[in-house]
Amino acid sequence: MATAAPKTADRYDTVRAPSALLALTELPRALAELGSLPFAAPMLAAAPRGDGHPVLVLPGFIASDTSTGVLRRYLKRLGYDAHAWELGRNLGPKAIGHEGEKLIARLHAIHDLTGQKVSVIGWSLGGIMARLVARRAPDAVRQVITLGSPFAGSPRATNVWRAYEYLTGQKIDDDHTKNQLSEVAVPPPVPSTAIYTREDGVVAWQNCMEPSGPETDNIEVHGSHCGLGVNPAVLYAVADRLSQAQDDWHPFQRTGLKGLVYPSAGHA
C-alpha cells in the first residue's frame with residue numbers, strides 16, 4: 001500500500017479496490033492454483049537452476065512463514081539458500097519495527113552469514129517491506145521481486161486497508177506512514193521485478209506495477225492474490241529472475257512457449 005509519485009497521481013486517482021466478486025472467489029481460486037502444482041511439475045522442473053545465493057522470502061499481511069513454505073521449498077530444490085523471515089505474522093510495524101529495523105537486522109544477519117547479497121521476495125505487504133529494506137540497506141540486497149504488492153497509488157485501493165489499520169495500529173494517513181509509502185513507491189537502487197495479476201481480488205493490480213526503467217520489469221500472470229505463492233507461473237517466473245547473474249540483469253523473456261503463459265510486458 002503506497003502513495004504515487006506526483007507525476008502519476010492523476011492516473012492513480014481513478015484506481016479502485018477490486019470488485020466483490022473477485023474478492024469472494026479468492027479462496028477457491030487459490031486452492032485451484034495449489035492443486036495445479038502436480039500438473040505443472042515438468043515445467044517447474046525445467047526452470048533454470050540456482051547458483052546457491054541467499055534468498056529471503058517475506059509473507060503477506062497477517063500471514064506467517066507457513067504461507068511461503070511451498071515457494072521456499074521449491075527454491076531450495078533449485079539450489080538456492082532460501083530463508084524464512086522468522087518475524088511471526090506480518091502485522092506491519094508490529095513485526096518489522098517502526099523503521100523496519102527488525103527486518104533490516106534479519107537481512108544483515110543472512111548477508112553476514114553467507115557473505116553474499118540477498119535476493120528479497122515479498123508477497124503483498126511483504127513486497128512493500130522488501131522495497132523498504134532494499135532502499136535502506138542496498139549493499140546487502142541483490143534484487144527485489146514483489147508478488148501482488150501495491151507499492152504505488154492509494155492505500156485505500158485495496159479490500160483490506162481497514163483491517164490493516166485495526167490489526168497493525170498504523171493509520172494509513174499519518175505522516176510516518178505516508179513518508180514510508182512515498183519512499184517505497186520509488187524503485188529501489190537494485191533490479192526490481194513486479195509480478196501481478198489482473199484477477200487480483202485483494203489489491204488493485206494497477207498499483208502493483210513498476211514504472212519503466214533500466215532495472216525494472218513487470219510480469220503478469222493469471223490467478224488470484226492469495227494463490228500467488230503457489231501459482232506455477234509465479235514460481236517459474238521467480239526462478240527465472242533469480243537465475244540471472246548478479247551483474248547481468250535483464251528483463252523477463254517471453255519467447256517460445258512462455259509467450260502462451262505470460263501476457264505481453266507493460267509498465268505503469
# chains A, B, ... in the order shown; residues from 1 in each chain; ligands from 1

$ residues_around --residues "range 149-166 of chain A" --least-positions-apart "5" --cutoff "9 Å" --atoms "only C-alpha atoms" --output "mmCIF file with C-alpha atoms, in the first residue's frame"
data_model
loop_
_atom_site.group_PDB
_atom_site.id
_atom_site.type_symbol
_atom_site.label_atom_id
_atom_site.label_comp_id
_atom_site.auth_asym_id
_atom_site.auth_seq_id
_atom_site.Cartn_x
_atom_site.Cartn_y
_atom_site.Cartn_z
ATOM 1 C CA MET A 1 0.000 0.000 0.000
ATOM 2 C CA ALA A 2 1.653 3.165 -1.169
ATOM 3 C CA THR A 3 1.152 6.660 -2.449
ATOM 4 C CA ALA A 4 2.041 7.529 -6.019
ATOM 5 C CA ALA A 5 4.710 9.899 -7.179
ATOM 6 C CA THR A 8 1.421 9.802 -11.769
ATOM 7 C CA ALA A 9 -1.150 10.985 -9.258
ATOM 8 C CA ARG A 11 -3.646 8.061 -13.153
ATOM 9 C CA TYR A 12 -3.807 6.534 -9.701
ATOM 10 C CA ASP A 13 -6.732 8.713 -8.593
ATOM 11 C CA VAL A 15 -7.929 3.261 -9.415
ATOM 12 C CA ARG A 16 -10.374 1.486 -7.121
ATOM 13 C CA ALA A 17 -10.276 -1.648 -4.982
ATOM 14 C CA PRO A 18 -11.095 -4.953 -6.736
ATOM 15 C CA SER A 19 -14.707 -5.999 -7.145
ATOM 16 C CA ALA A 20 -16.616 -8.004 -4.554
ATOM 17 C CA ALA A 23 -12.663 -10.807 -3.525
ATOM 18 C CA GLY A 60 1.897 -11.055 3.118
ATOM 19 C CA PHE A 61 -0.376 -9.215 5.545
ATOM 20 C CA ILE A 62 -1.446 -11.370 8.537
ATOM 21 C CA LEU A 91 1.430 -7.231 11.170
ATOM 22 C CA GLY A 92 3.275 -4.321 9.640
ATOM 23 C CA GLY A 122 7.913 -10.189 -0.841
ATOM 24 C CA TRP A 123 4.285 -11.228 -1.196
ATOM 25 C CA SER A 124 1.740 -8.378 -0.986
ATOM 26 C CA LEU A 125 2.630 -6.286 2.103
ATOM 27 C CA GLY A 126 5.869 -8.269 2.260
ATOM 28 C CA GLY A 127 6.829 -6.831 -1.117
ATOM 29 C CA ILE A 128 6.384 -3.297 0.154
ATOM 30 C CA ARG A 131 11.366 -2.417 -1.275
ATOM 31 C CA LYS A 171 -3.063 4.660 10.325
ATOM 32 C CA ILE A 172 -2.549 4.911 6.594
ATOM 33 C CA LEU A 181 4.878 4.680 1.437
ATOM 34 C CA SER A 182 6.260 7.502 -0.669
ATOM 35 C CA VAL A 184 8.738 2.553 -1.427
ATOM 36 C CA ALA A 185 6.831 3.963 -4.414
ATOM 37 C CA VAL A 186 10.218 4.845 -5.930
ATOM 38 C CA ALA A 194 6.877 -6.898 -10.027
ATOM 39 C CA ILE A 195 4.698 -9.974 -10.562
ATOM 40 C CA TYR A 196 0.978 -9.218 -10.580
ATOM 41 C CA GLY A 201 -9.299 -9.745 -5.552
ATOM 42 C CA VAL A 202 -7.426 -8.063 -2.698
ATOM 43 C CA VAL A 203 -5.443 -5.158 -4.127
ATOM 44 C CA ALA A 204 -5.712 -3.072 -7.286
ATOM 45 C CA TRP A 205 -3.370 -4.654 -9.831
ATOM 46 C CA GLN A 206 -2.600 -1.258 -11.385
ATOM 47 C CA ASN A 207 -0.808 -0.285 -8.167
ATOM 48 C CA CYS A 208 1.446 -3.359 -8.292
ATOM 49 C CA MET A 209 3.416 -2.386 -11.405
ATOM 50 C CA GLU A 210 6.906 -0.977 -11.733
#

$ residues_around --residues "range 227-242 of chain A" --least-positions-apart "2" --cutoff "7 Å" --atoms "only C-alpha atoms" --output "PyMOL selection string"
chain A and resi 30+33-34+37+40+44+47-48+68+70-71+147+221+223-225+244

$ write_last_selection --atoms "N, CA, C and O atoms" --output "CSV table (one decimal), in the first residue's frame"
chain,number,residue,atom,x,y,z
A,30,ALA,N,-7.4,-19.7,-5.2
A,30,ALA,CA,-6.1,-20.0,-4.7
A,30,ALA,C,-5.9,-21.5,-4.5
A,30,ALA,O,-4.9,-22.1,-4.7
A,33,GLU,N,-5.1,-23.1,-7.7
A,33,GLU,CA,-3.7,-22.9,-8.1
A,33,GLU,C,-2.8,-23.9,-7.4
A,33,GLU,O,-1.9,-24.5,-8.0
A,34,LEU,N,-3.1,-24.1,-6.1
A,34,LEU,CA,-2.3,-25.1,-5.3
A,34,LEU,C,-2.5,-26.5,-5.9
A,34,LEU,O,-1.5,-27.2,-6.1
A,37,LEU,N,-0.3,-27.6,-9.0
A,37,LEU,CA,1.1,-27.8,-9.0
A,37,LEU,C,1.6,-29.1,-9.5
A,37,LEU,O,2.6,-29.2,-10.2
A,40,ALA,N,1.9,-29.1,-13.2
A,40,ALA,CA,2.9,-28.1,-13.7
A,40,ALA,C,4.3,-28.6,-13.3
A,40,ALA,O,5.3,-27.9,-13.7
A,44,LEU,N,8.0,-26.7,-14.0
A,44,LEU,CA,8.8,-26.2,-12.8
A,44,LEU,C,10.2,-26.9,-12.7
A,44,LEU,O,11.1,-26.3,-12.4
A,47,ALA,N,12.9,-25.3,-14.9
A,47,ALA,CA,13.3,-23.9,-14.6
A,47,ALA,C,14.8,-23.9,-14.5
A,47,ALA,O,15.4,-24.9,-14.1
A,48,PRO,N,15.4,-22.7,-14.7
A,48,PRO,CA,16.9,-22.6,-14.5
A,48,PRO,C,17.3,-23.0,-13.1
A,48,PRO,O,16.6,-22.6,-12.1
A,68,THR,N,4.7,-19.2,2.9
A,68,THR,CA,5.7,-19.1,1.9
A,68,THR,C,6.5,-20.5,1.8
A,68,THR,O,7.5,-20.5,1.2
A,70,VAL,N,5.8,-23.4,0.4
A,70,VAL,CA,5.9,-24.0,-0.9
A,70,VAL,C,7.0,-23.3,-1.8
A,70,VAL,O,7.8,-24.0,-2.4
A,71,LEU,N,6.9,-22.0,-1.8
A,71,LEU,CA,7.9,-21.2,-2.6
A,71,LEU,C,9.3,-21.5,-2.1
A,71,LEU,O,10.2,-21.7,-2.9
A,147,LEU,N,5.3,-9.8,-5.2
A,147,LEU,CA,4.2,-10.6,-5.7
A,147,LEU,C,2.9,-9.9,-5.3
A,147,LEU,O,2.5,-10.0,-4.1
A,221,VAL,N,0.7,-12.5,-14.6
A,221,VAL,CA,0.2,-13.9,-14.6
A,221,VAL,C,-1.3,-13.9,-14.4
A,221,VAL,O,-1.9,-12.9,-14.1
A,223,GLY,N,-4.3,-15.5,-12.2
A,223,GLY,CA,-4.5,-16.2,-10.9
A,223,GLY,C,-5.1,-15.2,-9.9
A,223,GLY,O,-5.4,-14.1,-10.1
A,224,SER,N,-5.1,-15.7,-8.6
A,224,SER,CA,-5.6,-14.9,-7.5
A,224,SER,C,-4.5,-14.3,-6.7
A,224,SER,O,-3.3,-14.6,-6.9
A,225,HIS,N,-4.8,-13.3,-5.8
A,225,HIS,CA,-3.9,-12.7,-5.0
A,225,HIS,C,-3.4,-13.7,-3.9
A,225,HIS,O,-2.1,-13.9,-3.7
A,244,GLN,N,19.5,-15.1,-12.9
A,244,GLN,CA,20.4,-14.2,-13.6
A,244,GLN,C,21.7,-13.9,-12.9
A,244,GLN,O,21.7,-13.9,-11.6

$ closest_residue --among "A:Asp81, A:Asp51, A:Glu199, A:Asp247" --to "Gly148 in chain A" --atoms "only C-alpha atoms"
A:Glu199

$ select_by_dssp --residues "range 134-204 of chain A" --states "strand (DSSP E or B)" --output "list in words"
Val141, Arg142, Gln143, Val144, Ile145, Thr146, Leu147, Thr158, Ser192, Thr193, Ala194, Ile195, Tyr196, Thr197 and Val203 of chain A

$ closest_residue --among "A:Val190, A:Leu78, A:Val120, A:Leu27" --to "Arg135 in chain A" --atoms "only C-alpha atoms"
A:Val190
